[in-house]
file model.cif (mmCIF, C-alpha atoms)
data_model
#
loop_
_atom_site.group_PDB
_atom_site.id
_atom_site.type_symbol
_atom_site.label_atom_id
_atom_site.label_comp_id
_atom_site.auth_asym_id
_atom_site.auth_seq_id
_atom_site.Cartn_x
_atom_site.Cartn_y
_atom_site.Cartn_z
ATOM 1 C CA LEU A 1 46.360 24.275 29.524
ATOM 2 C CA PHE A 2 46.999 22.704 26.123
ATOM 3 C CA ASN A 3 43.590 21.062 26.001
ATOM 4 C CA ASN A 4 41.945 24.391 26.805
ATOM 5 C CA LEU A 5 44.019 26.219 24.194
ATOM 6 C CA ASN A 6 43.024 23.622 21.595
ATOM 7 C CA THR A 7 39.383 24.078 22.595
ATOM 8 C CA ILE A 8 39.706 27.854 22.246
ATOM 9 C CA TYR A 9 41.397 27.445 18.862
ATOM 10 C CA SER A 10 38.541 25.246 17.691
ATOM 11 C CA MET A 11 35.963 27.737 18.992
ATOM 12 C CA ALA A 12 37.741 30.643 17.289
ATOM 13 C CA SER A 13 37.950 28.788 13.971
ATOM 14 C CA LYS A 14 34.162 28.373 14.098
ATOM 15 C CA ASN A 15 33.625 32.014 15.121
ATOM 16 C CA ASP A 16 31.946 30.766 18.297
ATOM 17 C CA MET A 17 30.584 33.751 20.238
ATOM 18 C CA ARG A 18 31.741 32.198 23.537
ATOM 19 C CA THR A 19 35.442 32.299 22.563
ATOM 20 C CA GLN A 20 36.180 35.592 24.336
ATOM 21 C CA GLU A 21 34.410 34.432 27.497
ATOM 22 C CA VAL A 22 36.384 31.177 27.563
ATOM 23 C CA ILE A 23 39.668 33.062 27.043
ATOM 24 C CA LEU A 24 38.827 35.301 30.026
ATOM 25 C CA LYS A 25 38.027 32.262 32.186
ATOM 26 C CA LEU A 26 41.319 30.640 31.245
ATOM 27 C CA SER A 27 43.119 33.907 31.997
ATOM 28 C CA ASP A 28 41.460 34.149 35.429
ATOM 29 C CA PHE A 29 42.318 30.538 36.169
ATOM 30 C CA LEU A 30 45.966 30.922 35.148
ATOM 31 C CA ARG A 31 46.292 34.159 37.145
ATOM 32 C CA TYR A 32 44.990 32.341 40.211
ATOM 33 C CA VAL A 33 47.312 29.351 39.794
ATOM 34 C CA LEU A 34 50.393 31.451 39.037
ATOM 35 C CA TYR A 35 49.974 34.383 41.424
ATOM 36 C CA ASP A 36 47.286 33.874 44.054
ATOM 37 C CA THR A 37 48.457 30.530 45.406
ATOM 38 C CA ASP A 38 51.695 31.766 47.006
ATOM 39 C CA ALA A 39 49.971 32.364 50.343
ATOM 40 C CA ASP A 40 49.704 29.703 53.034
ATOM 41 C CA ALA A 41 45.941 30.197 53.056
ATOM 42 C CA ILE A 42 43.459 31.919 50.790
ATOM 43 C CA PRO A 43 39.768 32.699 51.187
ATOM 44 C CA LEU A 44 37.721 29.541 50.722
ATOM 45 C CA GLU A 45 35.410 31.581 48.529
ATOM 46 C CA LYS A 46 38.262 32.145 46.057
ATOM 47 C CA GLU A 47 39.174 28.444 45.962
ATOM 48 C CA VAL A 48 35.533 27.511 45.311
ATOM 49 C CA GLU A 49 35.296 30.095 42.538
ATOM 50 C CA MET A 50 38.390 28.678 40.858
ATOM 51 C CA ILE A 51 36.950 25.158 41.044
ATOM 52 C CA ARG A 52 33.827 26.549 39.361
ATOM 53 C CA THR A 53 35.981 28.252 36.681
ATOM 54 C CA TYR A 54 37.952 25.052 36.110
ATOM 55 C CA ILE A 55 34.725 23.070 35.681
ATOM 56 C CA ASP A 56 33.354 25.680 33.260
ATOM 57 C CA LEU A 57 36.537 25.412 31.185
ATOM 58 C CA GLN A 58 36.353 21.623 31.149
ATOM 59 C CA LYS A 59 32.693 21.683 30.146
ATOM 60 C CA GLU A 60 33.787 23.338 26.893
ATOM 61 C CA ARG A 61 35.748 20.157 26.087
ATOM 62 C CA VAL A 62 33.001 17.712 27.065
ATOM 63 C CA ASP A 63 30.233 16.473 24.803
ATOM 64 C CA PRO A 64 27.118 17.010 26.986
ATOM 65 C CA ALA A 65 25.313 14.252 25.080
ATOM 66 C CA ILE A 66 27.896 11.777 26.431
ATOM 67 C CA THR A 67 29.126 13.179 29.752
ATOM 68 C CA GLN A 68 26.885 15.007 32.221
ATOM 69 C CA VAL A 69 28.772 17.424 34.486
ATOM 70 C CA ASN A 70 27.120 18.489 37.747
ATOM 71 C CA PHE A 71 28.471 20.992 40.275
ATOM 72 C CA SER A 72 26.981 22.273 43.502
ATOM 73 C CA ALA A 73 28.391 24.645 46.096
ATOM 74 C CA GLU A 74 26.518 25.456 49.300
ATOM 75 C CA GLY A 75 27.473 27.476 52.341
ATOM 76 C CA ASP A 76 28.929 30.796 53.389
ATOM 77 C CA PHE A 77 32.426 30.425 51.942
ATOM 78 C CA GLY A 78 33.453 33.986 52.815
ATOM 79 C CA LYS A 79 34.152 33.186 56.466
ATOM 80 C CA ALA A 80 36.958 30.633 56.071
ATOM 81 C CA ALA A 81 40.430 30.182 54.603
ATOM 82 C CA ILE A 82 42.035 27.100 53.094
ATOM 83 C CA SER A 83 45.424 26.117 51.786
ATOM 84 C CA PRO A 84 45.364 26.792 48.031
ATOM 85 C CA LEU A 85 44.977 24.098 45.384
ATOM 86 C CA LEU A 86 43.895 21.338 47.766
ATOM 87 C CA LEU A 87 40.631 20.611 45.972
ATOM 88 C CA LEU A 88 41.657 21.039 42.342
ATOM 89 C CA PRO A 89 43.446 17.670 41.877
ATOM 90 C CA PHE A 90 40.219 15.837 42.752
ATOM 91 C CA ALA A 91 38.261 17.850 40.172
ATOM 92 C CA GLU A 92 41.019 17.287 37.611
ATOM 93 C CA ASN A 93 40.839 13.535 38.152
ATOM 94 C CA CYS A 94 37.096 13.554 37.472
ATOM 95 C CA PHE A 95 37.699 14.923 34.007
ATOM 96 C CA LYS A 96 40.883 12.962 33.369
ATOM 97 C CA HIS A 97 39.262 9.608 34.148
ATOM 98 C CA GLY A 98 35.575 10.370 33.612
ATOM 99 C CA ILE A 99 35.477 11.534 30.001
ATOM 100 C CA GLY A 100 35.198 8.903 27.324
ATOM 101 C CA LYS A 101 33.187 7.753 24.363
ATOM 102 C CA GLN A 102 30.567 6.049 26.503
ATOM 103 C CA PRO A 103 27.914 7.860 28.578
ATOM 104 C CA GLY A 104 29.057 8.938 32.028
ATOM 105 C CA ASN A 105 28.559 11.417 34.839
ATOM 106 C CA ILE A 106 30.743 13.753 36.848
ATOM 107 C CA TRP A 107 29.531 15.151 40.180
ATOM 108 C CA ILE A 108 31.484 17.704 42.212
ATOM 109 C CA ARG A 109 29.962 18.969 45.467
ATOM 110 C CA ILE A 110 31.261 21.508 47.964
ATOM 111 C CA ASN A 111 29.522 22.231 51.241
ATOM 112 C CA PHE A 112 30.674 24.469 54.071
ATOM 113 C CA GLU A 113 28.786 24.646 57.338
ATOM 114 C CA GLY A 114 30.128 25.889 60.656
ATOM 115 C CA ARG A 115 33.803 25.057 60.322
ATOM 116 C CA LYS A 116 33.349 21.858 58.295
ATOM 117 C CA LEU A 117 34.225 21.758 54.630
ATOM 118 C CA ARG A 118 32.846 18.752 52.792
ATOM 119 C CA PHE A 119 34.134 18.178 49.286
ATOM 120 C CA SER A 120 33.033 15.157 47.283
ATOM 121 C CA THR A 121 33.450 13.969 43.740
ATOM 122 C CA GLU A 122 32.019 11.092 41.802
ATOM 123 C CA ASN A 123 32.731 10.097 38.243
ATOM 124 C CA SER A 124 32.127 7.226 35.913
ATOM 125 C CA ILE A 125 35.406 5.590 34.942
ATOM 126 C CA ALA A 126 35.816 5.846 31.184
ATOM 127 C CA PRO A 127 37.540 2.859 29.576
ATOM 128 C CA ARG A 128 40.762 3.876 27.843
ATOM 129 C CA GLU A 129 44.203 2.720 26.919
ATOM 130 C CA PRO A 130 46.846 3.474 29.567
ATOM 131 C CA SER A 131 49.591 5.732 28.277
ATOM 132 C CA SER A 132 53.265 5.148 28.970
ATOM 133 C CA ASN A 133 53.531 8.214 31.242
ATOM 134 C CA GLU A 134 50.753 6.876 33.499
ATOM 135 C CA GLU A 135 52.369 3.552 34.336
ATOM 136 C CA ASN A 136 53.189 4.512 37.911
ATOM 137 C CA GLY A 137 49.952 6.398 38.505
ATOM 138 C CA GLY A 138 49.478 10.078 39.058
ATOM 139 C CA ILE A 139 51.028 12.060 41.846
ATOM 140 C CA GLY A 140 48.272 14.636 42.337
ATOM 141 C CA ILE A 141 46.211 12.752 44.931
ATOM 142 C CA LYS A 142 49.318 11.466 46.724
ATOM 143 C CA ASN A 143 50.588 15.035 47.039
ATOM 144 C CA VAL A 144 47.221 16.233 48.354
ATOM 145 C CA GLU A 145 47.238 13.462 50.968
ATOM 146 C CA LYS A 146 50.704 14.548 52.133
ATOM 147 C CA ARG A 147 49.642 18.195 52.237
ATOM 148 C CA LEU A 148 46.492 17.348 54.207
ATOM 149 C CA ASN A 149 48.551 15.443 56.788
ATOM 150 C CA LEU A 150 50.960 18.367 57.144
ATOM 151 C CA LEU A 151 48.451 21.230 57.080
ATOM 152 C CA TYR A 152 45.387 19.704 58.740
ATOM 153 C CA PRO A 153 46.660 16.936 61.049
ATOM 154 C CA ASN A 154 43.802 15.269 62.935
ATOM 155 C CA ARG A 155 41.416 17.780 61.307
ATOM 156 C CA HIS A 156 40.589 16.017 58.071
ATOM 157 C CA SER A 157 39.366 12.748 56.641
ATOM 158 C CA LEU A 158 39.798 11.498 53.094
ATOM 159 C CA HIS A 159 38.054 8.483 51.669
ATOM 160 C CA LEU A 160 38.704 7.238 48.127
ATOM 161 C CA GLU A 161 36.605 4.442 46.670
ATOM 162 C CA GLU A 162 36.346 2.705 43.326
ATOM 163 C CA ARG A 163 33.379 0.416 42.866
ATOM 164 C CA GLU A 164 31.338 -0.701 39.860
ATOM 165 C CA ASN A 165 33.163 1.655 37.448
ATOM 166 C CA ILE A 166 32.496 4.670 39.698
ATOM 167 C CA PHE A 167 35.268 6.560 41.500
ATOM 168 C CA ARG A 168 34.307 8.567 44.584
ATOM 169 C CA THR A 169 36.179 10.902 46.889
ATOM 170 C CA GLU A 170 34.945 12.256 50.198
ATOM 171 C CA LEU A 171 37.067 14.905 51.880
ATOM 172 C CA THR A 172 36.156 16.617 55.132
ATOM 173 C CA ILE A 173 38.324 19.359 56.649
ATOM 174 C CA ASP A 174 37.775 21.222 59.886
ATOM 175 C CA LEU A 175 38.782 24.774 58.903
ATOM 176 C CA ASP A 176 39.611 27.530 61.377
#

call {"tool": "encode", "arguments": {"input": "model.cif", "output": "structure tokens"}}
result
Amino acid sequence: LFNNLNTIYSMASKNDMRTQEVILKLSDFLRYVLYDTDADAIPLEKEVEMIRTYIDLQKERVDPAITQVNFSAEGDFGKAAISPLLLLPFAENCFKHGIGKQPGNIWIRINFEGRKLRFSTENSIAPREPSSNEENGGIGIKNVEKRLNLLYPNRHSLHLEERENIFRTELTIDLD
């Protein structure tokens, strides 16, 4: 939130024509997070759209000459429901750990076919100084793993891999 507000402030101070559009995207995103995620399940289409909105907001903070951001979404998302905010922590991690001063890439892919949701991310790992509040690692992925085990027992697989300064996630969920 604060990073996005700082980005909007910077855009407004430069009279950037995209400022209003970015404010609306942030508003839509916050509305979703605050109000639409109370349900046990939401339309998959809505979750995918919010991932897209999140990525669009983050792209405003990224220097495209340094970090390439790629997103693809394929499938008929209107026919399935998913527990809200399961995918977002993986996208957040891409930007948290993939943006730096050296060239890198972020890939986020969503595919839905039949009843199978496939969500994958890949990002370069940007070298940086660890901060004091990150000593014990984040809790986002750990919480998602717990939620997956509770909500989709024996109906999901999650694979996390770090190799050669690339971090990858592969999540598959069998949705009803």

call {"tool": "residues_around", "arguments": {"input": "model.cif", "residues": "Arg31 in chain A", "least_positions_apart": "6", "cutoff": "12 Å", "atoms": "all atoms listed in the file", "output": "PyMOL selection string"}}
result
chain A and resi 24-25+37-38+50+53

call {"tool": "write_last_selection", "arguments": {"input": "model.cif", "atoms": "C-alpha atoms", "output": "PDB file, keeping the file's coordinate frame"}}
result
ATOM      1  CA  LEU A  24      38.827  35.301  30.026  1.00  0.00           C
ATOM      2  CA  LYS A  25      38.027  32.262  32.186  1.00  0.00           C
ATOM      3  CA  THR A  37      48.457  30.530  45.406  1.00  0.00           C
ATOM      4  CA  ASP A  38      51.695  31.766  47.006  1.00  0.00           C
ATOM      5  CA  MET A  50      38.390  28.678  40.858  1.00  0.00           C
ATOM      6  CA  THR A  53      35.981  28.252  36.681  1.00  0.00           C
TER       7      THR A  53
END

call {"tool": "resolve_selection", "arguments": {"input": "model.cif", "expression": "the PyMOL selection byres ((chain A and resi 32) around 12)", "output": "ChimeraX atom specification"}}
result
/A:25-31,33-39,42,46-51,53-54,84-85,88

call {"tool": "residues_around", "arguments": {"input": "model.cif", "residues": "Glu170 in chain A", "least_positions_apart": "4", "cutoff": "8 Å", "atoms": "all atoms listed in the file", "output": "ChimeraX atom specification"}}
result
/A:118-121,157-160

call {"tool": "residues_around", "arguments": {"input": "model.cif", "residues": "Ser83 in chain A", "least_positions_apart": "3", "cutoff": "7 Å", "atoms": "all atoms listed in the file", "output": "JSON, numbers by chain"}}
result
{"A": [40, 41, 42, 86]}

call {"tool": "resolve_selection", "arguments": {"input": "model.cif", "expression": "the PyMOL selection byres ((chain A and resi 65) around 12)", "output": "list of chain:residue names"}}
result
A:Lys59, A:Val62, A:Asp63, A:Pro64, A:Ile66, A:Thr67, A:Gln68, A:Val69, A:Ile99, A:Gly100, A:Lys101, A:Gln102, A:Pro103, A:Gly104, A:Asn105

call {"tool": "resolve_selection", "arguments": {"input": "model.cif", "expression": "the PyMOL selection byres ((chain A and resi 93-98) around 9)", "output": "PyMOL selection string"}}
result
chain A and resi 55+58+62+67+88-92+99-100+104-108+121-128+140-141+166-167

call {"tool": "axis_aligned_box", "arguments": {"input": "model.cif", "around": "range 157-165 of chain A", "padding_each_side": "4 Å", "output": "JSON"}}
result
{"center_x": 35.6, "center_y": 6.0, "center_z": 47.0, "size_x": 16.5, "size_y": 21.4, "size_z": 27.2}

call {"tool": "residues_around", "arguments": {"input": "model.cif", "residues": "Arg155 in chain A", "least_positions_apart": "3", "cutoff": "9 Å", "atoms": "only C-alpha atoms", "output": "NGL selection string"}}
result
:A and (148-149 or 151-152 or 172-175)

call {"tool": "closest_residue", "arguments": {"input": "model.cif", "among": "A:Gly114, A:Leu87, A:Glu21, A:Pro43", "to": "Val144 in chain A", "atoms": "only C-alpha atoms"}}
result
A:Leu87

call {"tool": "closest_residue", "arguments": {"input": "model.cif", "among": "A:Lys142, A:Ala80, A:Asn15, A:Leu57", "to": "Asp176 in chain A", "atoms": "only C-alpha atoms"}}
result
A:Ala80

call {"tool": "closest_residue", "arguments": {"input": "model.cif", "among": "A:Phe2, A:Phe77, A:Phe71, A:Tyr9", "to": "Glu45 in chain A", "atoms": "only C-alpha atoms"}}
result
A:Phe77

call {"tool": "atom_distance", "arguments": {"input": "model.cif", "atom1": "CA of Ala73 in chain A", "atom2": "CA of Ile110 in chain A"}}
result
4.6 Å

call {"tool": "closest_residue", "arguments": {"input": "model.cif", "among": "A:Ala81, A:Thr169, A:Arg163, A:Gln20", "to": "Arg115 in chain A", "atoms": "all atoms listed in the file"}}
result
A:Ala81

call {"tool": "closest_residue", "arguments": {"input": "model.cif", "among": "A:Arg18, A:Glu60, A:Pro153, A:Gly75", "to": "Asn6 in chain A", "atoms": "all atoms listed in the file"}}
result
A:Glu60

call {"tool": "atom_distance", "arguments": {"input": "model.cif", "atom1": "CA of Asn165 in chain A", "atom2": "CA of Arg61 in chain A"}}
result
21.9 Å

call {"tool": "atom_distance", "arguments": {"input": "model.cif", "atom1": "CA of Glu162 in chain A", "atom2": "CA of Glu145 in chain A"}}
result
17.1 Å

call {"tool": "decode", "arguments": {"input": "model.cif", "residues": "range 151-168 of chain A", "atoms": "N, CA, C and O atoms", "output": "PDB file, in the first residue's frame"}}
result
ATOM      1  N   LEU A 151      -7.957 -26.450   3.011  1.00  0.00           N
ATOM      2  CA  LEU A 151      -9.035 -26.214   2.047  1.00  0.00           C
ATOM      3  C   LEU A 151      -9.055 -27.194   0.886  1.00  0.00           C
ATOM      4  O   LEU A 151     -10.119 -27.490   0.336  1.00  0.00           O
ATOM      5  N   TYR A 152      -7.880 -27.666   0.485  1.00  0.00           N
ATOM      6  CA  TYR A 152      -7.772 -28.540  -0.685  1.00  0.00           C
ATOM      7  C   TYR A 152      -6.928 -29.778  -0.350  1.00  0.00           C
ATOM      8  O   TYR A 152      -5.960 -30.069  -1.045  1.00  0.00           O
ATOM      9  N   PRO A 153      -7.306 -30.515   0.702  1.00  0.00           N
ATOM     10  CA  PRO A 153      -6.500 -31.692   1.065  1.00  0.00           C
ATOM     11  C   PRO A 153      -6.539 -32.736  -0.058  1.00  0.00           C
ATOM     12  O   PRO A 153      -7.597 -32.996  -0.631  1.00  0.00           O
ATOM     13  N   ASN A 154      -5.385 -33.252  -0.390  1.00  0.00           N
ATOM     14  CA  ASN A 154      -5.244 -34.269  -1.442  1.00  0.00           C
ATOM     15  C   ASN A 154      -5.740 -33.784  -2.802  1.00  0.00           C
ATOM     16  O   ASN A 154      -5.993 -34.596  -3.692  1.00  0.00           O
ATOM     17  N   ARG A 155      -5.895 -32.460  -2.969  1.00  0.00           N
ATOM     18  CA  ARG A 155      -6.354 -31.912  -4.246  1.00  0.00           C
ATOM     19  C   ARG A 155      -5.432 -30.809  -4.744  1.00  0.00           C
ATOM     20  O   ARG A 155      -5.811 -30.008  -5.584  1.00  0.00           O
ATOM     21  N   HIS A 156      -4.235 -30.759  -4.194  1.00  0.00           N
ATOM     22  CA  HIS A 156      -3.293 -29.734  -4.631  1.00  0.00           C
ATOM     23  C   HIS A 156      -1.862 -30.255  -4.553  1.00  0.00           C
ATOM     24  O   HIS A 156      -1.587 -31.239  -3.860  1.00  0.00           O
ATOM     25  N   SER A 157      -0.996 -29.599  -5.289  1.00  0.00           N
ATOM     26  CA  SER A 157       0.443 -29.841  -5.143  1.00  0.00           C
ATOM     27  C   SER A 157       1.142 -28.493  -5.232  1.00  0.00           C
ATOM     28  O   SER A 157       0.726 -27.616  -6.000  1.00  0.00           O
ATOM     29  N   LEU A 158       2.166 -28.328  -4.415  1.00  0.00           N
ATOM     30  CA  LEU A 158       2.935 -27.092  -4.391  1.00  0.00           C
ATOM     31  C   LEU A 158       4.404 -27.451  -4.400  1.00  0.00           C
ATOM     32  O   LEU A 158       4.866 -28.234  -3.571  1.00  0.00           O
ATOM     33  N   HIS A 159       5.110 -26.894  -5.350  1.00  0.00           N
ATOM     34  CA  HIS A 159       6.542 -27.131  -5.463  1.00  0.00           C
ATOM     35  C   HIS A 159       7.248 -25.777  -5.491  1.00  0.00           C
ATOM     36  O   HIS A 159       6.922 -24.922  -6.307  1.00  0.00           O
ATOM     37  N   LEU A 160       8.182 -25.585  -4.578  1.00  0.00           N
ATOM     38  CA  LEU A 160       8.984 -24.371  -4.498  1.00  0.00           C
ATOM     39  C   LEU A 160      10.426 -24.753  -4.778  1.00  0.00           C
ATOM     40  O   LEU A 160      10.922 -25.749  -4.231  1.00  0.00           O
ATOM     41  N   GLU A 161      11.109 -23.973  -5.599  1.00  0.00           N
ATOM     42  CA  GLU A 161      12.478 -24.315  -5.962  1.00  0.00           C
ATOM     43  C   GLU A 161      13.303 -23.050  -6.143  1.00  0.00           C
ATOM     44  O   GLU A 161      12.853 -22.092  -6.785  1.00  0.00           O
ATOM     45  N   GLU A 162      14.487 -23.066  -5.574  1.00  0.00           N
ATOM     46  CA  GLU A 162      15.452 -21.993  -5.793  1.00  0.00           C
ATOM     47  C   GLU A 162      16.711 -22.619  -6.373  1.00  0.00           C
ATOM     48  O   GLU A 162      17.312 -23.504  -5.769  1.00  0.00           O
ATOM     49  N   ARG A 163      17.060 -22.161  -7.576  1.00  0.00           N
ATOM     50  CA  ARG A 163      18.249 -22.693  -8.230  1.00  0.00           C
ATOM     51  C   ARG A 163      18.841 -21.625  -9.149  1.00  0.00           C
ATOM     52  O   ARG A 163      18.116 -20.994  -9.910  1.00  0.00           O
ATOM     53  N   GLU A 164      20.139 -21.466  -9.074  1.00  0.00           N
ATOM     54  CA  GLU A 164      20.873 -20.537  -9.939  1.00  0.00           C
ATOM     55  C   GLU A 164      20.256 -19.139  -9.948  1.00  0.00           C
ATOM     56  O   GLU A 164      20.026 -18.550 -11.000  1.00  0.00           O
ATOM     57  N   ASN A 165      19.977 -18.608  -8.749  1.00  0.00           N
ATOM     58  CA  ASN A 165      19.418 -17.266  -8.571  1.00  0.00           C
ATOM     59  C   ASN A 165      18.051 -17.077  -9.225  1.00  0.00           C
ATOM     60  O   ASN A 165      17.667 -15.959  -9.585  1.00  0.00           O
ATOM     61  N   ILE A 166      17.312 -18.170  -9.380  1.00  0.00           N
ATOM     62  CA  ILE A 166      15.933 -18.129  -9.878  1.00  0.00           C
ATOM     63  C   ILE A 166      15.059 -18.838  -8.846  1.00  0.00           C
ATOM     64  O   ILE A 166      15.392 -19.925  -8.378  1.00  0.00           O
ATOM     65  N   PHE A 167      13.933 -18.202  -8.489  1.00  0.00           N
ATOM     66  CA  PHE A 167      12.976 -18.825  -7.581  1.00  0.00           C
ATOM     67  C   PHE A 167      11.727 -19.158  -8.382  1.00  0.00           C
ATOM     68  O   PHE A 167      11.202 -18.312  -9.108  1.00  0.00           O
ATOM     69  N   ARG A 168      11.267 -20.407  -8.251  1.00  0.00           N
ATOM     70  CA  ARG A 168      10.102 -20.878  -8.993  1.00  0.00           C
ATOM     71  C   ARG A 168       9.063 -21.451  -8.032  1.00  0.00           C
ATOM     72  O   ARG A 168       9.417 -22.116  -7.051  1.00  0.00           O
TER      73      ARG A 168
END
